[in-house]
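Visitor: Following this line is final.txt, made up of compact mmCIF, C-alpha atoms and all ligand atoms:
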```txt
# COMPACT_ATOMS: atom_id res chain seq x y z
CA MET A 1 -22.73 14.18 1.54
CA ASP A 2 -21.57 17.43 0.03
CA ASN A 3 -18.01 17.43 -1.27
CA LYS A 4 -17.96 21.17 -1.95
CA ALA A 5 -17.06 21.78 1.68
CA MET A 6 -13.84 19.85 1.19
CA ASP A 7 -10.56 21.62 1.59
CA TRP A 8 -8.70 19.08 -0.54
CA SER A 9 -5.17 20.28 0.16
CA ASN A 10 -5.63 20.11 3.92
CA LEU A 11 -7.29 16.69 4.17
CA ASP A 12 -5.45 14.21 6.36
CA PHE A 13 -5.17 10.46 5.83
CA GLY A 14 -8.45 9.62 7.53
CA TYR A 15 -11.73 7.92 6.78
CA ARG A 16 -14.48 10.05 5.32
CA LYS A 17 -17.65 8.35 4.26
CA THR A 18 -18.44 8.70 0.56
CA ASN A 19 -21.75 7.99 -1.16
CA GLN A 20 -21.52 4.47 -2.56
CA ARG A 21 -19.65 1.26 -1.91
CA TYR A 22 -19.56 -2.19 -3.58
CA VAL A 23 -20.54 -5.44 -1.85
CA SER A 24 -20.46 -9.04 -3.04
CA ASN A 25 -21.27 -12.08 -0.89
CA TYR A 26 -19.82 -15.57 -1.16
CA LYS A 27 -22.37 -18.13 0.00
CA GLY A 28 -22.84 -21.83 -0.73
CA GLY A 29 -19.53 -21.91 -2.59
CA ALA A 30 -20.15 -19.06 -5.07
CA TRP A 31 -19.98 -15.28 -5.34
CA ASP A 32 -23.27 -13.47 -5.97
CA ASP A 33 -23.57 -10.76 -8.63
CA GLY A 34 -22.58 -7.95 -6.26
CA TYR A 35 -24.28 -4.60 -5.80
CA MET A 36 -23.68 -0.95 -4.96
CA THR A 37 -25.09 0.45 -1.72
CA GLU A 38 -25.21 3.61 0.35
CA ASP A 39 -25.13 1.50 3.52
CA ASP A 40 -21.71 1.84 5.15
CA THR A 41 -22.46 -0.63 7.93
CA ILE A 42 -22.06 -4.41 8.12
CA THR A 43 -24.20 -6.76 10.18
CA MET A 44 -22.67 -10.11 10.98
CA SER A 45 -22.60 -12.93 13.50
CA GLU A 46 -20.82 -12.27 16.77
CA CYS A 47 -18.82 -15.38 15.89
CA ALA A 48 -17.81 -14.35 12.34
CA GLY A 49 -14.48 -15.80 11.17
CA VAL A 50 -12.97 -12.34 10.80
CA LEU A 51 -13.80 -11.42 14.40
CA GLN A 52 -12.54 -14.64 15.97
CA TYR A 53 -9.54 -15.66 13.85
CA ALA A 54 -8.70 -12.54 11.80
CA GLN A 55 -9.54 -14.07 8.45
CA THR A 56 -9.33 -10.91 6.36
CA VAL A 57 -7.20 -9.52 3.53
CA PHE A 58 -7.18 -6.10 1.88
CA GLU A 59 -5.74 -3.89 -0.83
CA GLY A 60 -4.92 -0.19 -1.05
CA MET A 61 -4.94 1.89 -4.21
CA LYS A 62 -5.84 5.37 -5.44
CA ALA A 63 -7.82 7.22 -8.08
CA TYR A 64 -6.30 10.42 -9.47
CA THR A 65 -7.46 13.27 -11.65
CA THR A 66 -4.94 13.68 -14.48
CA GLU A 67 -3.72 16.96 -15.92
CA ASP A 68 -6.22 16.64 -18.78
CA GLY A 69 -9.11 15.91 -16.40
CA ARG A 70 -9.47 12.15 -16.72
CA ILE A 71 -10.04 9.99 -13.63
CA VAL A 72 -7.61 7.09 -13.54
CA THR A 73 -6.39 4.28 -11.32
CA PHE A 74 -2.88 2.85 -11.36
CA ARG A 75 -2.23 -0.80 -12.29
CA PRO A 76 -5.40 -2.21 -10.62
CA ASP A 77 -4.68 -5.58 -12.24
CA LEU A 78 -1.72 -5.98 -9.88
CA ASN A 79 -3.91 -5.25 -6.84
CA ALA A 80 -6.37 -7.89 -8.09
CA ASP A 81 -3.56 -10.44 -8.49
CA ARG A 82 -2.11 -9.67 -5.08
CA MET A 83 -5.50 -10.00 -3.39
CA ILE A 84 -5.88 -13.42 -5.02
CA ASP A 85 -2.50 -14.47 -3.56
CA SER A 86 -3.49 -13.09 -0.14
CA ALA A 87 -6.86 -14.87 -0.17
CA LYS A 88 -5.31 -18.23 -1.11
CA ARG A 89 -2.80 -18.01 1.75
CA LEU A 90 -5.63 -17.49 4.27
CA GLU A 91 -7.83 -20.24 2.75
CA MET A 92 -10.35 -17.73 1.42
CA PRO A 93 -12.16 -17.91 -1.92
CA VAL A 94 -10.62 -15.94 -4.78
CA PHE A 95 -12.48 -12.86 -5.99
CA PRO A 96 -12.04 -13.02 -9.79
CA LYS A 97 -9.70 -10.46 -11.35
CA ASP A 98 -12.17 -9.09 -13.90
CA ARG A 99 -14.78 -8.65 -11.18
CA PHE A 100 -12.26 -6.91 -8.91
CA ILE A 101 -11.47 -4.37 -11.64
CA ASP A 102 -15.17 -3.96 -12.42
CA ALA A 103 -15.89 -3.27 -8.73
CA ILE A 104 -13.13 -0.62 -8.60
CA GLU A 105 -14.59 1.05 -11.71
CA LYS A 106 -18.09 1.03 -10.26
CA VAL A 107 -17.09 2.49 -6.88
CA VAL A 108 -14.85 5.23 -8.27
CA SER A 109 -17.43 6.10 -10.89
CA ALA A 110 -20.20 6.35 -8.26
CA ASN A 111 -18.01 8.60 -6.08
CA LYS A 112 -16.57 10.83 -8.83
CA ASP A 113 -17.45 13.95 -6.83
CA PHE A 114 -14.94 12.82 -4.23
CA VAL A 115 -12.00 12.41 -6.60
CA PRO A 116 -9.87 15.45 -5.74
CA PRO A 117 -9.00 17.84 -8.56
CA TYR A 118 -5.66 17.80 -10.39
CA GLY A 119 -3.04 19.86 -8.62
CA SER A 120 -4.60 19.59 -5.14
CA GLY A 121 -2.19 16.82 -4.17
CA ALA A 122 -5.16 14.94 -2.72
CA THR A 123 -6.41 11.60 -4.08
CA LEU A 124 -9.30 9.21 -3.66
CA TYR A 125 -8.03 6.24 -1.66
CA ILE A 126 -9.67 2.93 -2.58
CA ARG A 127 -9.93 0.08 -0.08
CA PRO A 128 -10.95 -3.36 -1.41
CA TYR A 129 -11.16 -6.03 1.29
CA MET A 130 -12.58 -9.46 1.99
CA PHE A 131 -13.37 -11.30 5.20
CA GLY A 132 -14.88 -14.46 6.67
CA ILE A 133 -18.43 -13.57 7.68
CA SER A 134 -20.00 -16.86 8.78
CA PRO A 135 -19.61 -18.19 12.36
CA VAL A 136 -16.40 -20.05 13.17
CA ILE A 137 -15.58 -21.36 16.63
CA GLY A 138 -13.52 -24.50 15.99
CA VAL A 139 -10.43 -23.29 14.15
CA LYS A 140 -11.08 -23.59 10.41
CA PRO A 141 -11.80 -21.32 7.44
CA ALA A 142 -15.23 -19.64 7.35
CA GLU A 143 -17.85 -20.99 4.92
CA ASP A 144 -19.11 -17.58 3.76
CA TYR A 145 -17.26 -14.38 2.85
CA GLN A 146 -17.91 -10.78 1.95
CA PHE A 147 -15.92 -8.67 -0.52
CA ARG A 148 -16.28 -4.89 -0.28
CA VAL A 149 -14.77 -1.79 -1.82
CA PHE A 150 -15.12 1.68 -0.32
CA THR A 151 -13.38 4.95 -1.08
CA THR A 152 -12.26 7.88 1.04
CA PRO A 153 -10.63 11.11 -0.09
CA VAL A 154 -7.19 11.64 1.44
CA GLY A 155 -4.98 14.71 1.49
CA PRO A 156 -1.48 15.15 0.08
CA TYR A 157 0.95 12.88 1.90
CA PHE A 158 3.58 15.59 2.06
CA LYS A 159 2.21 18.89 3.25
CA GLY A 160 4.77 21.62 2.70
CA GLY A 161 7.42 19.44 1.09
CA ALA A 162 8.74 15.93 1.63
CA LYS A 163 10.82 16.10 4.81
CA PRO A 164 13.11 13.10 5.32
CA ILE A 165 12.12 10.89 8.25
CA THR A 166 14.06 9.08 10.97
CA ILE A 167 13.50 5.38 11.51
CA LYS A 168 14.68 2.91 14.09
CA VAL A 169 15.81 -0.67 13.71
CA SER A 170 13.07 -2.50 15.57
CA ASP A 171 13.53 -5.22 18.16
CA PHE A 172 10.13 -6.55 17.19
CA ASP A 173 9.62 -8.81 14.19
CA ARG A 174 7.09 -8.23 11.47
CA ALA A 175 6.89 -11.53 9.62
CA ALA A 176 8.12 -15.04 10.34
CA PRO A 177 10.11 -17.02 7.76
CA ASN A 178 7.49 -18.97 5.75
CA GLY A 179 4.80 -16.88 7.44
CA THR A 180 2.40 -14.28 6.03
CA GLY A 181 4.71 -11.30 5.47
CA ASN A 182 4.23 -11.48 1.70
CA ILE A 183 0.45 -11.10 1.76
CA LYS A 184 -1.67 -8.04 2.52
CA ALA A 185 -3.48 -9.24 5.62
CA GLY A 186 -4.77 -7.26 8.59
CA LEU A 187 -3.02 -9.69 10.91
CA ASN A 188 0.38 -8.35 9.77
CA TYR A 189 -0.74 -4.91 10.88
CA ALA A 190 -2.31 -5.92 14.19
CA MET A 191 0.99 -7.27 15.44
CA SER A 192 2.87 -4.17 14.24
CA LEU A 193 0.76 -1.70 16.25
CA HIS A 194 2.65 -2.07 19.51
CA ALA A 195 5.95 -1.68 17.64
CA ILE A 196 4.89 1.51 15.85
CA VAL A 197 3.31 3.09 18.95
CA THR A 198 6.55 2.33 20.83
CA ALA A 199 8.68 3.82 18.03
CA HIS A 200 6.55 6.98 17.95
CA LYS A 201 6.85 7.36 21.74
CA GLU A 202 10.62 7.22 21.34
CA GLY A 203 10.51 9.93 18.68
CA TYR A 204 10.93 7.83 15.52
CA ASP A 205 8.69 8.02 12.47
CA GLU A 206 8.87 4.37 11.44
CA ASN A 207 10.37 0.96 12.17
CA MET A 208 12.87 -0.90 10.06
CA TYR A 209 12.16 -4.61 10.47
CA LEU A 210 14.93 -7.15 10.02
CA ASP A 211 14.60 -10.75 8.93
CA PRO A 212 13.58 -12.62 12.10
CA GLN A 213 15.77 -15.65 11.40
CA THR A 214 19.16 -13.93 11.44
CA ARG A 215 18.24 -10.33 12.41
CA SER A 216 20.87 -9.15 9.96
CA LYS A 217 18.99 -8.44 6.72
CA VAL A 218 16.80 -5.43 5.94
CA GLU A 219 13.16 -6.37 5.27
CA GLU A 220 10.69 -3.46 5.23
CA THR A 221 8.72 -1.08 7.46
CA GLY A 222 5.19 -1.80 8.72
CA GLY A 223 3.63 -0.68 5.46
CA ALA A 224 6.26 0.27 2.89
CA ASN A 225 9.19 -1.35 1.04
CA PHE A 226 12.74 0.03 1.10
CA LEU A 227 14.60 1.38 -1.90
CA PHE A 228 18.26 2.41 -1.61
CA VAL A 229 20.48 4.42 -3.93
CA THR A 230 24.22 3.72 -3.94
CA LYS A 231 26.89 6.40 -4.22
CA ASP A 232 27.21 5.34 -7.89
CA ASN A 233 23.51 6.01 -8.51
CA GLU A 234 22.48 2.38 -8.60
CA ILE A 235 19.16 1.28 -7.14
CA VAL A 236 19.18 -1.60 -4.66
CA THR A 237 16.06 -3.14 -3.11
CA PRO A 238 15.90 -5.89 -0.49
CA GLN A 239 15.06 -9.41 -1.60
CA SER A 240 13.17 -11.64 0.81
CA ASP A 241 10.23 -14.02 0.74
CA SER A 242 8.60 -12.26 3.69
CA ILE A 243 8.39 -8.76 2.16
CA LEU A 244 5.04 -7.60 0.81
CA PRO A 245 5.51 -7.10 -2.94
CA SER A 246 4.78 -3.36 -3.19
CA ILE A 247 3.30 -2.30 -6.52
CA THR A 248 4.87 1.13 -6.05
CA ARG A 249 8.33 -0.38 -5.51
CA ARG A 250 7.97 -2.68 -8.52
CA SER A 251 6.87 0.30 -10.63
CA LEU A 252 9.73 2.49 -9.39
CA VAL A 253 12.21 -0.23 -10.29
CA GLN A 254 10.86 -0.24 -13.84
CA VAL A 255 10.91 3.57 -13.98
CA ALA A 256 14.53 3.56 -12.76
CA ARG A 257 15.57 1.13 -15.50
CA ASP A 258 13.44 2.24 -18.44
CA TYR A 259 13.00 5.98 -17.89
CA LEU A 260 16.13 6.95 -15.97
CA GLY A 261 18.53 4.33 -17.35
CA LEU A 262 19.69 3.28 -13.88
CA LYS A 263 21.01 -0.10 -12.86
CA VAL A 264 18.69 -1.90 -10.43
CA THR A 265 19.58 -4.87 -8.24
CA GLU A 266 17.24 -6.82 -6.00
CA ARG A 267 19.27 -8.75 -3.44
CA PRO A 268 19.50 -9.45 0.28
CA ILE A 269 20.82 -6.33 2.05
CA ASP A 270 22.82 -6.67 5.23
CA ILE A 271 22.18 -4.10 7.95
CA SER A 272 25.94 -3.40 7.98
CA GLU A 273 25.70 -2.11 4.39
CA LEU A 274 23.36 0.75 5.22
CA SER A 275 26.16 3.27 5.66
CA ASP A 276 27.30 2.58 2.08
CA PHE A 277 24.09 4.02 0.60
CA ALA A 278 23.60 7.65 -0.42
CA GLU A 279 19.79 7.73 -0.36
CA CYS A 280 16.96 5.74 1.14
CA GLY A 281 13.23 5.83 0.50
CA LEU A 282 10.06 4.04 1.57
CA CYS A 283 7.77 2.93 -1.25
CA GLY A 284 4.01 2.57 -1.02
CA THR A 285 0.74 3.80 -2.49
CA ALA A 286 0.22 6.40 0.26
CA ALA A 287 3.38 8.48 -0.32
CA VAL A 288 4.88 6.94 -3.49
CA ILE A 289 8.33 7.53 -1.89
CA SER A 290 9.03 8.96 1.56
CA PRO A 291 12.66 9.95 1.90
CA VAL A 292 14.53 8.52 4.88
CA GLY A 293 17.29 10.75 6.26
CA LYS A 294 18.48 8.66 9.17
CA VAL A 295 18.33 5.11 10.52
CA VAL A 296 19.09 4.55 14.20
CA ASP A 297 20.36 1.08 15.05
CA HIS A 298 20.41 0.79 18.85
CA GLY A 299 21.94 4.20 19.38
CA LYS A 300 24.18 4.08 16.31
CA GLU A 301 23.10 6.72 13.79
CA ILE A 302 23.36 6.00 10.08
CA CYS A 303 22.87 9.26 8.17
CA PHE A 304 22.34 9.18 4.43
CA ALA A 305 24.27 11.68 2.31
CA SER A 306 20.97 13.17 1.11
CA GLY A 307 20.52 14.63 4.60
CA MET A 308 17.50 15.68 6.65
CA ASP A 309 16.30 18.65 4.59
CA GLU A 310 15.09 17.25 1.29
CA MET A 311 14.72 14.17 -0.88
CA GLY A 312 17.94 12.90 -2.42
CA PRO A 313 18.37 13.72 -6.13
CA ILE A 314 17.73 10.20 -7.45
CA THR A 315 14.78 9.66 -5.10
CA LYS A 316 13.37 12.96 -6.35
CA LYS A 317 13.75 11.91 -10.00
CA LEU A 318 12.02 8.61 -9.29
CA TYR A 319 9.24 10.38 -7.41
CA ASP A 320 8.71 13.02 -10.11
CA THR A 321 8.70 10.44 -12.89
CA LEU A 322 6.25 8.03 -11.28
CA THR A 323 3.87 10.77 -10.08
CA GLY A 324 4.17 12.33 -13.56
CA ILE A 325 3.04 9.00 -15.06
CA GLN A 326 0.17 8.71 -12.58
CA MET A 327 -1.00 12.28 -13.22
CA GLY A 328 -0.78 11.91 -17.00
CA ARG A 329 2.11 14.35 -17.50
CA ILE A 330 4.51 11.61 -18.64
CA GLU A 331 3.65 8.80 -21.03
CA ALA A 332 2.92 5.60 -19.13
CA PRO A 333 4.10 2.09 -19.97
CA GLU A 334 1.41 -0.02 -21.62
CA GLY A 335 -1.39 -0.96 -19.20
CA TRP A 336 -0.32 1.14 -16.22
CA ILE A 337 -3.08 3.72 -16.38
CA HIS A 338 -6.65 2.50 -16.10
CA GLU A 339 -9.18 5.18 -16.99
CA ILE A 340 -12.52 5.28 -15.19
CA VAL A 341 -15.35 6.31 -17.49
C1 LIG B 1 0.60 -2.26 1.13
C2 LIG B 1 1.97 -2.49 1.65
C3 LIG B 1 3.11 -1.95 1.04
C4 LIG B 1 3.04 -1.04 -0.15
O1 LIG B 1 2.49 -1.65 -1.30
P1 LIG B 1 1.95 -0.78 -2.49
O2 LIG B 1 1.37 -1.78 -3.42
O3 LIG B 1 3.09 -0.06 -3.09
O4 LIG B 1 0.95 0.17 -1.91
C5 LIG B 1 4.36 -2.28 1.56
N1 LIG B 1 4.48 -3.05 2.66
C6 LIG B 1 3.40 -3.57 3.29
C7 LIG B 1 3.61 -4.41 4.49
C8 LIG B 1 2.12 -3.30 2.81
O5 LIG B 1 1.06 -3.81 3.45
```
For the file at hand, write its structure as structure tokens.
Guide:
Amino acid sequence: MDNKAMDWSNLDFGYRKTNQRYVSNYKGGAWDDGYMTEDDTITMSECAGVLQYAQTVFEGMKAYTTEDGRIVTFRPDLNADRMIDSAKRLEMPVFPKDRFIDAIEKVVSANKDFVPPYGSGATLYIRPYMFGISPVIGVKPAEDYQFRVFTTPVGPYFKGGAKPITIKVSDFDRAAPNGTGNIKAGLNYAMSLHAIVTAHKEGYDENMYLDPQTRSKVEETGGANFLFVTKDNEIVTPQSDSILPSITRRSLVQVARDYLGLKVTERPIDISELSDFAECGLCGTAAVISPVGKVVDHGKEICFASGMDEMGPITKKLYDTLTGIQMGRIEAPEGWIHEIV
């Protein structure tokens, strides 16, 4: 495939096949050595564990071109750790951390032509995933698994500026107490599809999910963690066992403390507190932070002081600092930037 035809700045967030991907198979209780391939298809049993009982976990990360022309990934060790946690929860074998990072390096390196240039706003999205591939009909974990990593170039998340979004408090639940909300599993997304399609039909950009037990505490959206800024410029993030531990959110918290000197508190947040906050953002690899202008709770509008025109000032500082670190304009904390050679 020829990447010269790519109009980087106008790419959407969609799948585009790149040249090479990584595959490793788990068979007879052990992972094989793994290999790179041009084959983007998978042949498996009609009764594969992933197809019958959704035994699959994934990760999402990006490769960037820095200001000085290096190709880097951001904290891949944390993606490796999180995938290990996800796999254990679904009774899948663990793909070793060093091999995970090696696979990321191999795939990005083999698809260097698809890493968008510095300044385009586009990035190379990286999707590691693992699934049960052997037949399973009686409910139990599969015997054999496949781990894969592919890449796809994606455009700038914000085209023409980061416009604040409107979200609704959902009547659907995302994750049960003691369930799988804290792992990155496809099953958490399958059950959110009806909720997001419904929200879009009603004119909202996203859903705010509450804790299912009491329906009073803020959890997260379908694919991003919340971060709030108080009127005194303090950062507050929701604490809950059923939130997916976003690497972006954890990094922003550290940036807030160490680079911006802000106070950060992680604690349960009651839905009734929302009107006390000045700014609200959604944290995830795709956008880093999307500003939220308004939350609608069953007809009641909660408008943040930052408004509907632009990111709030603290959100903007957090965004600029973290993207500056990722793009090599600002010195990174030890171990955050992983160069691909
Ligand atoms: C992936 C994901 C996020 C964001 O995590 P990052 O590591 O920052 O990309 C947040 N919530 C859910 C449910 C997710 O699946």
Visitor: Name the residues in contact with Met130 of chain A at a cut-off of 8 Å, using only C-alpha atoms, excluding same-chain residues fewer than 4 positions from it; report them as a list in words.
Guide: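 Contacts, with the query itself left out: Thr56, Val57, Phe58, Tyr145, Gln146, Phe147 and Arg148 of chain A.
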Visitor: Which residue, A:Leu244, A:Leu124, A:Ile325, A:Ala48, has the smallest gap to ligand LIG 1 (chain B) when you use all atoms listed in the file?
Guide: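 For ligand LIG 1 (chain B), the nearest of the candidates is A:Leu244.
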Visitor: Please identify all protein, DNA and RNA residues within 10 Å of ligand LIG 1 (chain B), counting all atoms listed in the file, and report them as a VMD selection string.
Guide: chain A and resid 58 to 62 75 to 76 78 to 79 82 174 to 175 181 to 186 188 to 189 192 219 to 226 242 to 252 282 to 289
Visitor: With C-alpha atoms retained, export the selected residues as a PDB file, in the coordinates of the input.
Guide:
```
ATOM      1  CA  PHE A  58      -7.180  -6.100   1.880  1.00  0.00           C
ATOM      2  CA  GLU A  59      -5.740  -3.890  -0.830  1.00  0.00           C
ATOM      3  CA  GLY A  60      -4.920  -0.190  -1.050  1.00  0.00           C
ATOM      4  CA  MET A  61      -4.940   1.890  -4.210  1.00  0.00           C
ATOM      5  CA  LYS A  62      -5.840   5.370  -5.440  1.00  0.00           C
ATOM      6  CA  ARG A  75      -2.230  -0.800 -12.290  1.00  0.00           C
ATOM      7  CA  PRO A  76      -5.400  -2.210 -10.620  1.00  0.00           C
ATOM      8  CA  LEU A  78      -1.720  -5.980  -9.880  1.00  0.00           C
ATOM      9  CA  ASN A  79      -3.910  -5.250  -6.840  1.00  0.00           C
ATOM     10  CA  ARG A  82      -2.110  -9.670  -5.080  1.00  0.00           C
ATOM     11  CA  ARG A 174       7.090  -8.230  11.470  1.00  0.00           C
ATOM     12  CA  ALA A 175       6.890 -11.530   9.620  1.00  0.00           C
ATOM     13  CA  GLY A 181       4.710 -11.300   5.470  1.00  0.00           C
ATOM     14  CA  ASN A 182       4.230 -11.480   1.700  1.00  0.00           C
ATOM     15  CA  ILE A 183       0.450 -11.100   1.760  1.00  0.00           C
ATOM     16  CA  LYS A 184      -1.670  -8.040   2.520  1.00  0.00           C
ATOM     17  CA  ALA A 185      -3.480  -9.240   5.620  1.00  0.00           C
ATOM     18  CA  GLY A 186      -4.770  -7.260   8.590  1.00  0.00           C
ATOM     19  CA  ASN A 188       0.380  -8.350   9.770  1.00  0.00           C
ATOM     20  CA  TYR A 189      -0.740  -4.910  10.880  1.00  0.00           C
ATOM     21  CA  SER A 192       2.870  -4.170  14.240  1.00  0.00           C
ATOM     22  CA  GLU A 219      13.160  -6.370   5.270  1.00  0.00           C
ATOM     23  CA  GLU A 220      10.690  -3.460   5.230  1.00  0.00           C
ATOM     24  CA  THR A 221       8.720  -1.080   7.460  1.00  0.00           C
ATOM     25  CA  GLY A 222       5.190  -1.800   8.720  1.00  0.00           C
ATOM     26  CA  GLY A 223       3.630  -0.680   5.460  1.00  0.00           C
ATOM     27  CA  ALA A 224       6.260   0.270   2.890  1.00  0.00           C
ATOM     28  CA  ASN A 225       9.190  -1.350   1.040  1.00  0.00           C
ATOM     29  CA  PHE A 226      12.740   0.030   1.100  1.00  0.00           C
ATOM     30  CA  SER A 242       8.600 -12.260   3.690  1.00  0.00           C
ATOM     31  CA  ILE A 243       8.390  -8.760   2.160  1.00  0.00           C
ATOM     32  CA  LEU A 244       5.040  -7.600   0.810  1.00  0.00           C
ATOM     33  CA  PRO A 245       5.510  -7.100  -2.940  1.00  0.00           C
ATOM     34  CA  SER A 246       4.780  -3.360  -3.190  1.00  0.00           C
ATOM     35  CA  ILE A 247       3.300  -2.300  -6.520  1.00  0.00           C
ATOM     36  CA  THR A 248       4.870   1.130  -6.050  1.00  0.00           C
ATOM     37  CA  ARG A 249       8.330  -0.380  -5.510  1.00  0.00           C
ATOM     38  CA  ARG A 250       7.970  -2.680  -8.520  1.00  0.00           C
ATOM     39  CA  SER A 251       6.870   0.300 -10.630  1.00  0.00           C
ATOM     40  CA  LEU A 252       9.730   2.490  -9.390  1.00  0.00           C
ATOM     41  CA  LEU A 282      10.060   4.040   1.570  1.00  0.00           C
ATOM     42  CA  CYS A 283       7.770   2.930  -1.250  1.00  0.00           C
ATOM     43  CA  GLY A 284       4.010   2.570  -1.020  1.00  0.00           C
ATOM     44  CA  THR A 285       0.740   3.800  -2.490  1.00  0.00           C
ATOM     45  CA  ALA A 286       0.220   6.400   0.260  1.00  0.00           C
ATOM     46  CA  ALA A 287       3.380   8.480  -0.320  1.00  0.00           C
ATOM     47  CA  VAL A 288       4.880   6.940  -3.490  1.00  0.00           C
ATOM     48  CA  ILE A 289       8.330   7.530  -1.890  1.00  0.00           C
TER      49      ILE A 289
END
```
Visitor: Nearest residue to Arg16 of chain A out of A:Gln55, A:Thr66, A:Thr151, A:Thr123, using only C-alpha atoms?
Guide: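 Nearest to Arg16 of chain A: A:Thr151.
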Visitor: Given the choices A:Thr41, A:Gln213, A:Ser290, A:Ser306, which gets closest to Leu318 of chain A if the distance is worked out from only C-alpha atoms?
Guide: A:Ser290
Visitor: For a test of reading the model, state the distance in Å between atom CA of Pro268 of chain A and atom CA of Ser240 of chain A, rounded to one decimal.
Guide: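 According to the coordinates, atom CA of Pro268 of chain A and atom CA of Ser240 of chain A are separated by 6.7 Å.
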Visitor: Please, what distance in Å, to one decimal, runs between atom CA of Arg267 of chain A and atom CA of Gln239 of chain A?
Guide: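 Atom-to-atom, atom CA of Arg267 of chain A to atom CA of Gln239 of chain A, that is 4.6 Å.
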Visitor: Between atom CA of Ala122 of chain A and atom CA of Ala332 of chain A, what is the distance, to one decimal in Å?
Guide: 20.5 Å
Visitor: So, counting all atoms listed in the file, which residue among A:Met208, A:Val255, A:Met6, A:Leu90 is closest to Ser120 of chain A?
Guide: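 Answer, going by the shortest atom-to-atom distance: A:Met6.
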Visitor: Taking every listed atom of segment 92-103 of chain A and adding 5 Å to each side, what centre and edge lengths in Å (one decimal) does the axis-aligned box have, as lines of an AutoDock Vina configuration file?
Guide:
```
center_x = -12.8
center_y = -10.6
center_z = -6.2
size_x = 16.2
size_y = 24.6
size_z = 25.3
```
Visitor: Tell me which of A:Asp270, A:Glu301, A:Glu143, A:Asp12 sits closest to Ala30 of chain A, counting only C-alpha atoms.
Guide: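 Ranked by minimum distance to Ala30 of chain A, first place goes to A:Glu143.
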Visitor: Near Phe114 of chain A, within 10 Å and counting only C-alpha atoms, which residues show up once chain neighbours fewer than 2 positions away are dropped, as a PyMOL selection string?
Guide: chain A and resi 1-4+6+8+16-19+63+108-112+116-117+123-125+151-154
Visitor: I want to know what sits within 8 Å of Asn233 of chain A, based on all atoms listed in the file, with residues of the same chain fewer than 2 positions away left out; could you give that as a list in words?
Guide: Val229, Thr230, Lys231, Ile235, Leu262, Lys263 and Ile314 of chain A
Visitor: Excluding Thr65 of chain A and residues on its chain fewer than 6 positions from it, collect all residues at most 9 Å away from it, counting all atoms listed in the file, and give them as an MDAnalysis selection string.
Guide: chainID A and resid 71:72 115:119 123 326:328
Visitor: From the list A:Val218, A:Ile84, A:Ile42, A:Ile167, which residue is nearest Ser272 of chain A when using all atoms listed in the file?
Guide: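 Smallest distance to Ser272 of chain A is found for A:Val218.
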Visitor: Need to verify the contact set: Gly299 of chain A, 12 Å, only C-alpha atoms, exclusion of same-chain residues closer than 5 positions in sequence. Can you return it as a ChimeraX atom specification?
Guide: /A:167-170,202,294
